[in-house]
Each structure stands twice: as structure tokens, then as C-alpha cells.
$ cat model.txt   # compact mmCIF, N, CA and C atoms and all ligand atoms
# COMPACT_ATOMS: atom_id res chain seq x y z
N MET A 124 115.31 68.56 109.40
CA MET A 124 114.42 68.77 108.25
C MET A 124 114.24 70.26 107.99
N LYS A 125 114.02 71.01 109.07
CA LYS A 125 113.83 72.45 108.89
C LYS A 125 115.09 73.09 108.34
N LYS A 126 116.21 72.72 108.92
CA LYS A 126 117.50 73.26 108.45
C LYS A 126 117.72 72.85 107.01
N ALA A 127 117.37 71.60 106.69
CA ALA A 127 117.59 71.09 105.34
C ALA A 127 116.76 71.89 104.34
N SER A 128 115.52 72.22 104.70
CA SER A 128 114.66 72.97 103.78
C SER A 128 115.27 74.33 103.49
N TYR A 129 115.82 74.91 104.55
CA TYR A 129 116.37 76.26 104.39
C TYR A 129 117.60 76.21 103.50
N LEU A 130 118.38 75.16 103.67
CA LEU A 130 119.58 74.98 102.86
C LEU A 130 119.17 74.80 101.40
N LEU A 131 118.15 73.97 101.19
CA LEU A 131 117.65 73.74 99.84
C LEU A 131 117.25 75.05 99.20
N LEU A 132 116.59 75.89 99.99
CA LEU A 132 116.14 77.19 99.51
C LEU A 132 117.34 77.99 99.01
N ALA A 133 118.40 77.97 99.79
CA ALA A 133 119.60 78.71 99.41
C ALA A 133 120.17 78.13 98.12
N ILE A 134 120.16 76.82 98.02
CA ILE A 134 120.71 76.19 96.82
C ILE A 134 119.85 76.51 95.60
N PHE A 135 118.52 76.42 95.77
CA PHE A 135 117.62 76.78 94.68
C PHE A 135 117.92 78.20 94.21
N GLY A 136 118.15 79.08 95.16
CA GLY A 136 118.43 80.47 94.84
C GLY A 136 119.66 80.59 93.97
N LEU A 137 120.67 79.81 94.28
CA LEU A 137 121.92 79.89 93.54
C LEU A 137 121.79 79.37 92.12
N ILE A 138 120.96 78.34 91.94
CA ILE A 138 120.90 77.73 90.61
C ILE A 138 119.80 78.29 89.73
N SER A 139 118.93 79.15 90.26
CA SER A 139 117.85 79.65 89.41
C SER A 139 118.25 80.97 88.76
N PHE A 140 118.87 80.86 87.62
CA PHE A 140 119.37 82.06 86.94
C PHE A 140 118.25 82.80 86.22
N SER A 141 117.23 82.07 85.82
CA SER A 141 116.21 82.64 84.93
C SER A 141 115.54 83.87 85.49
N ALA A 142 115.10 83.80 86.73
CA ALA A 142 114.33 84.92 87.29
C ALA A 142 115.09 85.49 88.49
N GLN A 143 116.38 85.70 88.30
CA GLN A 143 117.25 85.95 89.43
C GLN A 143 116.88 87.18 90.29
N ALA A 144 116.67 88.33 89.65
CA ALA A 144 116.45 89.56 90.42
C ALA A 144 115.27 89.41 91.37
N ASP A 145 114.14 88.95 90.83
CA ASP A 145 112.93 88.84 91.62
C ASP A 145 113.05 87.77 92.69
N VAL A 146 113.64 86.63 92.32
CA VAL A 146 113.81 85.56 93.29
C VAL A 146 114.73 86.04 94.42
N THR A 147 115.72 86.82 94.05
CA THR A 147 116.66 87.32 95.06
C THR A 147 115.96 88.23 96.07
N THR A 148 115.11 89.14 95.60
CA THR A 148 114.43 90.01 96.57
C THR A 148 113.50 89.19 97.47
N ALA A 149 112.87 88.18 96.88
CA ALA A 149 111.98 87.32 97.68
C ALA A 149 112.80 86.58 98.74
N GLU A 150 113.99 86.12 98.33
CA GLU A 150 114.84 85.43 99.30
C GLU A 150 115.30 86.37 100.40
N GLN A 151 115.57 87.62 100.02
CA GLN A 151 115.97 88.59 101.04
C GLN A 151 114.83 88.81 102.03
N ALA A 152 113.60 88.88 101.50
CA ALA A 152 112.44 89.05 102.38
C ALA A 152 112.33 87.87 103.33
N ALA A 153 112.50 86.66 102.78
CA ALA A 153 112.43 85.45 103.61
C ALA A 153 113.51 85.49 104.69
N THR A 154 114.71 85.90 104.30
CA THR A 154 115.81 85.96 105.26
C THR A 154 115.50 86.95 106.38
N GLN A 155 114.93 88.10 106.01
CA GLN A 155 114.57 89.09 107.03
C GLN A 155 113.58 88.50 108.04
N TYR A 156 112.55 87.84 107.51
CA TYR A 156 111.57 87.25 108.42
C TYR A 156 112.21 86.18 109.29
N SER A 157 113.13 85.43 108.70
CA SER A 157 113.78 84.39 109.48
C SER A 157 114.62 85.00 110.61
N LEU A 158 115.22 86.17 110.33
CA LEU A 158 116.00 86.85 111.38
C LEU A 158 115.08 87.39 112.48
N PHE A 159 113.96 88.00 112.04
CA PHE A 159 112.98 88.50 113.03
C PHE A 159 112.51 87.36 113.92
N ALA A 160 112.24 86.23 113.27
CA ALA A 160 111.67 85.09 114.00
C ALA A 160 112.74 84.35 114.80
N LYS A 161 114.02 84.70 114.55
CA LYS A 161 115.14 83.97 115.15
C LYS A 161 114.97 82.47 114.93
N SER A 162 114.67 82.12 113.69
CA SER A 162 114.39 80.72 113.39
C SER A 162 114.73 80.44 111.93
N THR A 163 115.08 79.21 111.63
CA THR A 163 115.24 78.82 110.23
C THR A 163 113.85 78.66 109.63
N LEU A 164 113.78 78.59 108.31
CA LEU A 164 112.47 78.52 107.65
C LEU A 164 112.22 77.12 107.11
N SER A 165 110.94 76.79 106.98
CA SER A 165 110.57 75.50 106.44
C SER A 165 109.51 75.67 105.38
N ALA A 166 109.83 75.27 104.16
CA ALA A 166 108.86 75.34 103.07
C ALA A 166 107.68 74.40 103.35
N ASP A 167 107.94 73.29 104.04
CA ASP A 167 106.86 72.35 104.37
C ASP A 167 105.86 73.00 105.31
N ASP A 168 106.38 73.69 106.34
CA ASP A 168 105.48 74.39 107.25
C ASP A 168 104.75 75.51 106.49
N GLY A 169 105.45 76.13 105.54
CA GLY A 169 104.84 77.18 104.73
C GLY A 169 103.67 76.65 103.93
N LYS A 170 103.82 75.45 103.40
CA LYS A 170 102.73 74.84 102.63
C LYS A 170 101.52 74.58 103.53
N GLU A 171 101.84 74.06 104.73
CA GLU A 171 100.75 73.76 105.68
C GLU A 171 100.01 75.05 106.03
N PHE A 172 100.76 76.12 106.26
CA PHE A 172 100.19 77.43 106.60
C PHE A 172 99.36 77.97 105.43
N TYR A 173 99.86 77.81 104.23
CA TYR A 173 99.24 78.32 103.00
C TYR A 173 97.89 77.65 102.72
N THR A 174 97.79 76.37 103.07
CA THR A 174 96.59 75.62 102.71
C THR A 174 95.66 75.37 103.91
N ARG A 175 96.08 75.76 105.13
CA ARG A 175 95.30 75.49 106.33
C ARG A 175 93.97 76.26 106.27
N LYS A 176 92.86 75.53 106.38
CA LYS A 176 91.55 76.17 106.26
C LYS A 176 91.03 76.66 107.60
N GLN A 177 90.47 77.86 107.57
CA GLN A 177 89.84 78.44 108.75
C GLN A 177 88.37 78.68 108.42
N MET A 178 87.51 78.58 109.42
CA MET A 178 86.10 78.88 109.19
C MET A 178 85.93 80.40 109.35
N VAL A 179 85.63 81.08 108.24
CA VAL A 179 85.43 82.53 108.27
C VAL A 179 84.06 82.83 107.68
N LYS A 180 83.22 83.45 108.47
CA LYS A 180 81.84 83.77 108.05
C LYS A 180 81.16 82.55 107.43
N GLY A 181 81.31 81.42 108.09
CA GLY A 181 80.62 80.20 107.66
C GLY A 181 81.23 79.52 106.44
N LYS A 182 82.39 80.01 106.00
CA LYS A 182 83.02 79.39 104.82
C LYS A 182 84.46 79.02 105.13
N ASP A 183 84.94 77.95 104.49
CA ASP A 183 86.36 77.59 104.61
C ASP A 183 87.20 78.61 103.86
N LEU A 184 88.21 79.14 104.52
CA LEU A 184 89.08 80.11 103.87
C LEU A 184 90.54 79.78 104.19
N ALA A 185 91.37 79.82 103.18
CA ALA A 185 92.82 79.63 103.35
C ALA A 185 93.51 80.58 102.38
N CYS A 186 94.81 80.74 102.55
CA CYS A 186 95.56 81.55 101.57
C CYS A 186 95.31 80.99 100.17
N SER A 187 95.26 79.66 100.09
CA SER A 187 95.11 79.00 98.79
C SER A 187 93.74 79.23 98.17
N THR A 188 92.76 79.68 98.96
CA THR A 188 91.42 79.93 98.40
C THR A 188 91.53 80.96 97.29
N CYS A 189 92.27 82.03 97.52
CA CYS A 189 92.42 83.08 96.50
C CYS A 189 93.69 82.91 95.68
N HIS A 190 94.76 82.45 96.34
CA HIS A 190 96.05 82.36 95.64
C HIS A 190 96.22 80.99 94.97
N THR A 191 95.23 80.14 95.05
CA THR A 191 95.14 78.78 94.48
C THR A 191 96.16 77.81 95.10
N ASP A 192 95.91 76.52 94.85
CA ASP A 192 96.79 75.48 95.42
C ASP A 192 98.17 75.52 94.79
N ASN A 193 98.28 76.13 93.63
CA ASN A 193 99.58 76.24 92.97
C ASN A 193 99.97 77.72 92.88
N PRO A 194 100.88 78.17 93.76
CA PRO A 194 101.24 79.59 93.81
C PRO A 194 101.84 80.13 92.51
N ALA A 195 102.22 79.24 91.60
CA ALA A 195 102.77 79.70 90.32
C ALA A 195 101.65 80.04 89.34
N ASN A 196 100.42 79.69 89.70
CA ASN A 196 99.27 80.02 88.84
C ASN A 196 98.64 81.33 89.26
N LYS A 197 97.89 81.92 88.33
CA LYS A 197 97.12 83.11 88.69
C LYS A 197 96.04 82.73 89.68
N GLY A 198 95.78 83.64 90.61
CA GLY A 198 94.74 83.39 91.59
C GLY A 198 93.47 84.11 91.22
N LYS A 199 92.45 83.90 92.07
CA LYS A 199 91.17 84.52 91.82
C LYS A 199 90.53 84.86 93.17
N HIS A 200 90.10 86.11 93.30
CA HIS A 200 89.46 86.51 94.55
C HIS A 200 88.15 85.75 94.73
N ASN A 201 87.96 85.18 95.92
CA ASN A 201 86.79 84.31 96.13
C ASN A 201 85.47 85.07 96.08
N GLU A 202 85.49 86.37 96.37
CA GLU A 202 84.23 87.12 96.34
C GLU A 202 84.06 87.94 95.07
N SER A 203 85.08 88.74 94.73
CA SER A 203 84.95 89.62 93.56
C SER A 203 85.21 88.89 92.25
N GLY A 204 85.90 87.73 92.33
CA GLY A 204 86.25 87.00 91.12
C GLY A 204 87.41 87.65 90.37
N LYS A 205 87.98 88.71 90.96
CA LYS A 205 89.07 89.42 90.31
C LYS A 205 90.33 88.57 90.23
N GLU A 206 91.01 88.70 89.08
CA GLU A 206 92.23 87.92 88.88
C GLU A 206 93.35 88.43 89.81
N ILE A 207 94.14 87.51 90.33
CA ILE A 207 95.29 87.87 91.18
C ILE A 207 96.54 87.29 90.53
N GLN A 208 97.56 88.10 90.39
CA GLN A 208 98.80 87.62 89.77
C GLN A 208 99.44 86.55 90.67
N PRO A 209 100.21 85.63 90.08
CA PRO A 209 100.79 84.51 90.85
C PRO A 209 101.62 84.96 92.06
N MET A 210 101.64 84.14 93.08
CA MET A 210 102.39 84.39 94.32
C MET A 210 103.86 84.03 94.16
N ALA A 211 104.16 83.05 93.31
CA ALA A 211 105.54 82.58 93.18
C ALA A 211 106.36 83.61 92.39
N PRO A 212 107.47 84.08 92.97
CA PRO A 212 108.30 85.07 92.27
C PRO A 212 108.81 84.57 90.92
N SER A 213 108.92 83.25 90.75
CA SER A 213 109.38 82.72 89.46
C SER A 213 108.36 83.03 88.37
N ALA A 214 107.07 83.08 88.74
CA ALA A 214 106.00 83.32 87.76
C ALA A 214 105.60 84.79 87.72
N ASN A 215 105.93 85.53 88.75
CA ASN A 215 105.52 86.93 88.85
C ASN A 215 106.68 87.75 89.44
N PRO A 216 107.49 88.35 88.57
CA PRO A 216 108.71 89.04 89.02
C PRO A 216 108.44 90.18 90.00
N LYS A 217 107.22 90.71 90.00
CA LYS A 217 106.93 91.83 90.91
C LYS A 217 106.72 91.36 92.35
N ARG A 218 106.48 90.08 92.51
CA ARG A 218 106.14 89.55 93.83
C ARG A 218 107.28 89.72 94.82
N PHE A 219 107.01 90.30 95.98
CA PHE A 219 107.99 90.50 97.06
C PHE A 219 109.14 91.43 96.63
N SER A 220 108.90 92.25 95.59
CA SER A 220 109.94 93.19 95.18
C SER A 220 109.86 94.47 96.01
N ASP A 221 108.71 94.71 96.63
CA ASP A 221 108.53 95.87 97.50
C ASP A 221 108.11 95.36 98.87
N LEU A 222 109.06 95.40 99.80
CA LEU A 222 108.81 94.76 101.09
C LEU A 222 107.69 95.41 101.89
N ASN A 223 107.50 96.73 101.69
CA ASN A 223 106.39 97.40 102.39
C ASN A 223 105.05 96.87 101.90
N GLU A 224 104.96 96.71 100.58
CA GLU A 224 103.72 96.17 99.99
C GLU A 224 103.48 94.75 100.50
N SER A 225 104.54 93.97 100.54
CA SER A 225 104.40 92.58 101.00
C SER A 225 103.92 92.55 102.45
N ALA A 226 104.53 93.42 103.26
CA ALA A 226 104.15 93.45 104.67
C ALA A 226 102.68 93.81 104.82
N LYS A 227 102.22 94.77 104.00
CA LYS A 227 100.80 95.16 104.05
C LYS A 227 99.91 94.00 103.63
N GLY A 228 100.33 93.32 102.55
CA GLY A 228 99.57 92.18 102.04
C GLY A 228 99.46 91.09 103.10
N PHE A 229 100.57 90.81 103.77
CA PHE A 229 100.56 89.79 104.82
C PHE A 229 99.59 90.18 105.93
N THR A 230 99.72 91.41 106.44
CA THR A 230 98.90 91.80 107.58
C THR A 230 97.42 91.75 107.22
N LYS A 231 97.10 92.30 106.04
CA LYS A 231 95.70 92.34 105.61
C LYS A 231 95.10 90.93 105.50
N HIS A 232 95.83 90.06 104.79
CA HIS A 232 95.24 88.74 104.52
C HIS A 232 95.33 87.81 105.72
N CYS A 233 96.34 88.01 106.55
CA CYS A 233 96.41 87.20 107.77
C CYS A 233 95.22 87.53 108.66
N LYS A 234 94.88 88.82 108.74
CA LYS A 234 93.72 89.22 109.56
C LYS A 234 92.45 88.62 108.98
N GLN A 235 92.37 88.66 107.65
CA GLN A 235 91.18 88.14 106.98
C GLN A 235 90.99 86.64 107.23
N VAL A 236 92.08 85.90 107.15
CA VAL A 236 91.98 84.43 107.26
C VAL A 236 92.10 83.98 108.72
N TYR A 237 93.10 84.52 109.43
CA TYR A 237 93.40 84.03 110.78
C TYR A 237 92.88 84.94 111.90
N GLY A 238 92.30 86.08 111.51
CA GLY A 238 91.76 86.98 112.52
C GLY A 238 92.82 87.80 113.23
N LYS A 239 94.08 87.63 112.87
CA LYS A 239 95.18 88.43 113.45
C LYS A 239 96.38 88.36 112.51
N ASP A 240 97.32 89.27 112.71
CA ASP A 240 98.53 89.25 111.88
C ASP A 240 99.27 87.94 112.13
N CYS A 241 100.03 87.48 111.14
CA CYS A 241 100.78 86.24 111.29
C CYS A 241 102.17 86.54 111.86
N SER A 242 102.80 85.51 112.38
CA SER A 242 104.14 85.67 112.95
C SER A 242 105.16 85.81 111.82
N ALA A 243 106.30 86.36 112.18
CA ALA A 243 107.40 86.49 111.21
C ALA A 243 107.77 85.11 110.66
N LYS A 244 107.70 84.12 111.51
CA LYS A 244 108.04 82.77 111.10
C LYS A 244 107.06 82.26 110.02
N ASP A 245 105.76 82.49 110.25
CA ASP A 245 104.76 82.08 109.25
C ASP A 245 105.01 82.78 107.92
N LYS A 246 105.33 84.07 108.00
CA LYS A 246 105.55 84.84 106.77
C LYS A 246 106.79 84.33 106.03
N GLY A 247 107.85 84.09 106.80
CA GLY A 247 109.08 83.56 106.20
C GLY A 247 108.84 82.19 105.57
N ASN A 248 108.12 81.32 106.29
CA ASN A 248 107.82 79.99 105.76
C ASN A 248 106.97 80.07 104.49
N PHE A 249 106.04 81.02 104.48
CA PHE A 249 105.17 81.24 103.32
C PHE A 249 106.04 81.57 102.09
N ILE A 250 106.99 82.50 102.26
CA ILE A 250 107.84 82.89 101.13
C ILE A 250 108.73 81.71 100.74
N ALA A 251 109.26 81.00 101.75
CA ALA A 251 110.10 79.82 101.46
C ALA A 251 109.31 78.83 100.60
N TYR A 252 108.02 78.67 100.94
CA TYR A 252 107.19 77.73 100.18
C TYR A 252 106.96 78.21 98.75
N VAL A 253 106.59 79.48 98.57
CA VAL A 253 106.30 79.92 97.19
C VAL A 253 107.59 79.96 96.34
N LEU A 254 108.74 80.07 97.02
CA LEU A 254 110.01 80.04 96.29
C LEU A 254 110.34 78.64 95.75
N THR A 255 109.69 77.61 96.26
CA THR A 255 109.98 76.26 95.77
C THR A 255 109.35 76.03 94.39
N PHE A 256 108.45 76.93 93.97
CA PHE A 256 107.83 76.80 92.64
C PHE A 256 108.72 77.46 91.62
N LYS A 257 109.19 76.66 90.67
CA LYS A 257 110.16 77.19 89.68
C LYS A 257 109.48 77.46 88.37
C1 LIG A 301 90.04 86.71 99.80
C2 LIG A 301 91.16 86.48 98.90
C3 LIG A 301 92.55 86.35 99.49
C4 LIG A 301 92.94 85.50 100.51
C5 LIG A 301 92.10 84.49 101.27
C6 LIG A 301 94.35 85.74 100.70
N1 LIG A 301 94.80 86.70 99.84
FE1 LIG A 301 96.70 87.48 99.73
N2 LIG A 301 96.14 88.72 98.22
C7 LIG A 301 94.85 88.85 97.72
C8 LIG A 301 94.79 89.98 96.83
C9 LIG A 301 93.56 90.45 96.05
C10 LIG A 301 96.08 90.56 96.81
C11 LIG A 301 96.54 91.84 96.10
C12 LIG A 301 96.76 91.65 94.67
C13 LIG A 301 98.15 91.21 94.36
O1 LIG A 301 99.08 91.48 95.14
O2 LIG A 301 98.34 90.58 93.31
C14 LIG A 301 96.91 89.75 97.71
C15 LIG A 301 98.25 90.00 97.97
C16 LIG A 301 98.97 89.36 98.96
C17 LIG A 301 100.33 89.68 99.32
C18 LIG A 301 101.18 90.81 98.73
C19 LIG A 301 102.35 90.19 98.00
C20 LIG A 301 103.29 91.14 97.37
O3 LIG A 301 103.13 91.45 96.20
O4 LIG A 301 104.23 91.56 98.03
C21 LIG A 301 100.71 88.82 100.30
C22 LIG A 301 102.05 88.74 101.02
C23 LIG A 301 99.57 87.95 100.55
N3 LIG A 301 98.54 88.29 99.73
C24 LIG A 301 99.59 86.92 101.47
C25 LIG A 301 98.48 86.15 101.81
C26 LIG A 301 98.48 85.17 102.88
C27 LIG A 301 99.67 84.84 103.77
C28 LIG A 301 97.23 84.63 102.92
C29 LIG A 301 96.70 83.59 103.89
C30 LIG A 301 96.87 83.87 105.31
C31 LIG A 301 96.45 85.31 101.88
N4 LIG A 301 97.25 86.21 101.22
C32 LIG A 301 95.11 85.07 101.65
C33 LIG A 301 93.78 88.04 98.04
C34 LIG A 301 93.73 87.10 99.07
$ encode --input "model.txt" --output "C-alpha cells" --more "lines below"
Ligand code: HEC
Amino acid sequence: MKKASYLLLAIFGLISFSAQADVTTAEQAATQYSLFAKSTLSADDGKEFYTRKQMVKGKDLACSTCHTDNPANKGKHNESGKEIQPMAPSANPKRFSDLNESAKGFTKHCKQVYGKDCSAKDKGNFIAYVLTFK
């Protein structure tokens, strides 16, 4: 199943001509994380990671709290109410186009939600998941 998801990801990449440049950089980011993790990626595990709720300061918090249940939609910061551009590269070409920015975003928000940075595998799965939104 995990291998199959990764293969699907590769196939999706090949057939999505519309937003190719941005999707390609996101796929490269996912591939890098998969190499770091020495593991294939799973969009299903990415979804579970994205929506998994943690109790933070007495409130349920997940990536989806701010980035919404649909990564192709605009998100909203749970405290400031500030709009957040979509996580899915298909909906937001800037997403994952700068790997340093992405790495900072991951570390910051992983600490906020999970109390520590996330593993390369979690990050790769996260990108694999948001790439499934066309
Ligand atoms: C409290 C609200 C909030 C939560 C919860 C949250 N984020 Fe974010 N996230 C933001 C904001 C705000 C930005 C910066 C604005 C932007 O990039 O559009 C951001 C940006 C990012 C970026 C940078 C993406 C890029 O452009 O390269 C990544 C990666 C990211 N978040 C991952 C996560 C992950 C993984 C989780 C769950 C562990 C998570 N976020 C939870 C608010 C949140």
C-alpha cells in the first residue's frame, strides 16, 4: 500500500500538466524527505498526520485546524484569524517552491502542534498527501 501510494504520486506528477512547475518542486521536496527518511511515502499516513489532533493549551490542535480539512482551500489562523494561502501546490504555486521556507514552516508548526520537530517521513508524507489534491 505504501509503495502503491508513492507510485501513484509519481503517476499523478506525470499527468498533471496544469501546474507542472510548482507540483514538480513539491515532488522534489517530497523525494528529498523520502531519501532522508530512507522510506517510501504514504499519502494516507500524511492525511492521518495532517488531521491528528493534539491537546495544546487545553484546545484540540492539528495541522488541519489552520490549513483546513481541504489543503486546496485557503486556511485561517485559529488565533489571529489571518488568511493562509492553500497548502496544495495545485492551488498555490508558491507552496514548497522554496525548500528553506518549507523546512522552517515544518519545524515551527510541528513544534506548535506536536511539541517537537516532525520526522522526515512525516514531512514527506504530508507533502505526498497535499499533492493528491488536484
Ligand atoms: C496555528 C495555525 C497553524 C497550524 C496549527 C499549522 N500551521 Fe502551518 N502555517 C501556518 C501559517 C500562518 C503559515 C505561514 C503562511 C503561509 O505559508 O501561507 C504556515 C506555513 C506552513 C508551511 C510552509 C509551507 C511553504 O510554503 O513552504 C508548512 C510546511 C506548514 N505550515 C506545515 C504545517 C504542519 C505540518 C502542521 C501540523 C503539524 C501545521 N503547519 C500546522 C499556520 C499553521
$ atom_distance --input "model.txt" --atom1 "atom C of Thr174 in chain A" --atom2 "atom N of Cys186 in chain A"
5.6 Å
$ select_by_dssp --input "model.txt" --residues "chain A" --states "helix (DSSP H, G or I)" --output "count of residues only"
74
$ residues_around --input "model.txt" --residues "Leu184 in chain A" --least-positions-apart "2" --cutoff "8 Å" --atoms "all atoms listed in the file" --output "list in words"
Tyr173, Thr174, Arg175, Lys176, Gln177, Met178, Val179, Lys180, Gly181, Lys182, Cys186, Ser187, Thr188, Cys189, Gln235, Val236 and Tyr237 of chain A
$ write_last_selection --input "model.txt" --atoms "N, CA and C atoms" --output "PDB file, keeping the file's coordinate frame"
ATOM      1  N   TYR A 173      99.860  77.810 104.230  1.00  0.00           N
ATOM      2  CA  TYR A 173      99.240  78.320 103.000  1.00  0.00           C
ATOM      3  C   TYR A 173      97.890  77.650 102.720  1.00  0.00           C
ATOM      4  N   THR A 174      97.790  76.370 103.070  1.00  0.00           N
ATOM      5  CA  THR A 174      96.590  75.620 102.710  1.00  0.00           C
ATOM      6  C   THR A 174      95.660  75.370 103.910  1.00  0.00           C
ATOM      7  N   ARG A 175      96.080  75.760 105.130  1.00  0.00           N
ATOM      8  CA  ARG A 175      95.300  75.490 106.330  1.00  0.00           C
ATOM      9  C   ARG A 175      93.970  76.260 106.270  1.00  0.00           C
ATOM     10  N   LYS A 176      92.860  75.530 106.380  1.00  0.00           N
ATOM     11  CA  LYS A 176      91.550  76.170 106.260  1.00  0.00           C
ATOM     12  C   LYS A 176      91.030  76.660 107.600  1.00  0.00           C
ATOM     13  N   GLN A 177      90.470  77.860 107.570  1.00  0.00           N
ATOM     14  CA  GLN A 177      89.840  78.440 108.750  1.00  0.00           C
ATOM     15  C   GLN A 177      88.370  78.680 108.420  1.00  0.00           C
ATOM     16  N   MET A 178      87.510  78.580 109.420  1.00  0.00           N
ATOM     17  CA  MET A 178      86.100  78.880 109.190  1.00  0.00           C
ATOM     18  C   MET A 178      85.930  80.400 109.350  1.00  0.00           C
ATOM     19  N   VAL A 179      85.630  81.080 108.240  1.00  0.00           N
ATOM     20  CA  VAL A 179      85.430  82.530 108.270  1.00  0.00           C
ATOM     21  C   VAL A 179      84.060  82.830 107.680  1.00  0.00           C
ATOM     22  N   LYS A 180      83.220  83.450 108.470  1.00  0.00           N
ATOM     23  CA  LYS A 180      81.840  83.770 108.050  1.00  0.00           C
ATOM     24  C   LYS A 180      81.160  82.550 107.430  1.00  0.00           C
ATOM     25  N   GLY A 181      81.310  81.420 108.090  1.00  0.00           N
ATOM     26  CA  GLY A 181      80.620  80.200 107.660  1.00  0.00           C
ATOM     27  C   GLY A 181      81.230  79.520 106.440  1.00  0.00           C
ATOM     28  N   LYS A 182      82.390  80.010 106.000  1.00  0.00           N
ATOM     29  CA  LYS A 182      83.020  79.390 104.820  1.00  0.00           C
ATOM     30  C   LYS A 182      84.460  79.020 105.130  1.00  0.00           C
ATOM     31  N   CYS A 186      94.810  80.740 102.550  1.00  0.00           N
ATOM     32  CA  CYS A 186      95.560  81.550 101.570  1.00  0.00           C
ATOM     33  C   CYS A 186      95.310  80.990 100.170  1.00  0.00           C
ATOM     34  N   SER A 187      95.260  79.660 100.090  1.00  0.00           N
ATOM     35  CA  SER A 187      95.110  79.000  98.790  1.00  0.00           C
ATOM     36  C   SER A 187      93.740  79.230  98.170  1.00  0.00           C
ATOM     37  N   THR A 188      92.760  79.680  98.960  1.00  0.00           N
ATOM     38  CA  THR A 188      91.420  79.930  98.400  1.00  0.00           C
ATOM     39  C   THR A 188      91.530  80.960  97.290  1.00  0.00           C
ATOM     40  N   CYS A 189      92.270  82.030  97.520  1.00  0.00           N
ATOM     41  CA  CYS A 189      92.420  83.080  96.500  1.00  0.00           C
ATOM     42  C   CYS A 189      93.690  82.910  95.680  1.00  0.00           C
ATOM     43  N   GLN A 235      92.370  88.660 107.650  1.00  0.00           N
ATOM     44  CA  GLN A 235      91.180  88.140 106.980  1.00  0.00           C
ATOM     45  C   GLN A 235      90.990  86.640 107.230  1.00  0.00           C
ATOM     46  N   VAL A 236      92.080  85.900 107.150  1.00  0.00           N
ATOM     47  CA  VAL A 236      91.980  84.430 107.260  1.00  0.00           C
ATOM     48  C   VAL A 236      92.100  83.980 108.720  1.00  0.00           C
ATOM     49  N   TYR A 237      93.100  84.520 109.430  1.00  0.00           N
ATOM     50  CA  TYR A 237      93.400  84.030 110.780  1.00  0.00           C
ATOM     51  C   TYR A 237      92.880  84.940 111.900  1.00  0.00           C
TER      52      TYR A 237
END
$ residues_near_ligand --input "model.txt" --ligand "ligand LIG 301 (chain A)" --cutoff "9 Å" --atoms "only C-alpha atoms and all ligand atoms" --output "VMD selection string"
chain A and resid 149 172 to 175 184 to 190 197 to 203 205 to 210 215 217 to 237 240 to 241 245 to 246 249 to 250
$ closest_residue --input "model.txt" --among "A:Ser242, A:Thr191, A:Thr255, A:Asn248" --to "Thr163 in chain A" --atoms "all atoms listed in the file"
A:Asn248
$ residues_around --input "model.txt" --residues "Lys244 in chain A" --least-positions-apart "5" --cutoff "6.5 Å" --atoms "only N, CA and C atoms" --output "list in words"
Tyr156, Ser157, Phe159, Ala160 and Phe249 of chain A
$ atom_distance --input "model.txt" --atom1 "atom C of Ala153 in chain A" --atom2 "atom C of Asn193 in chain A"
19.6 Å
$ closest_residue --input "model.txt" --among "A:Ala152, A:Ala251, A:Ala243, A:Asn196" --to "Lys170 in chain A" --atoms "all atoms listed in the file"
A:Ala251
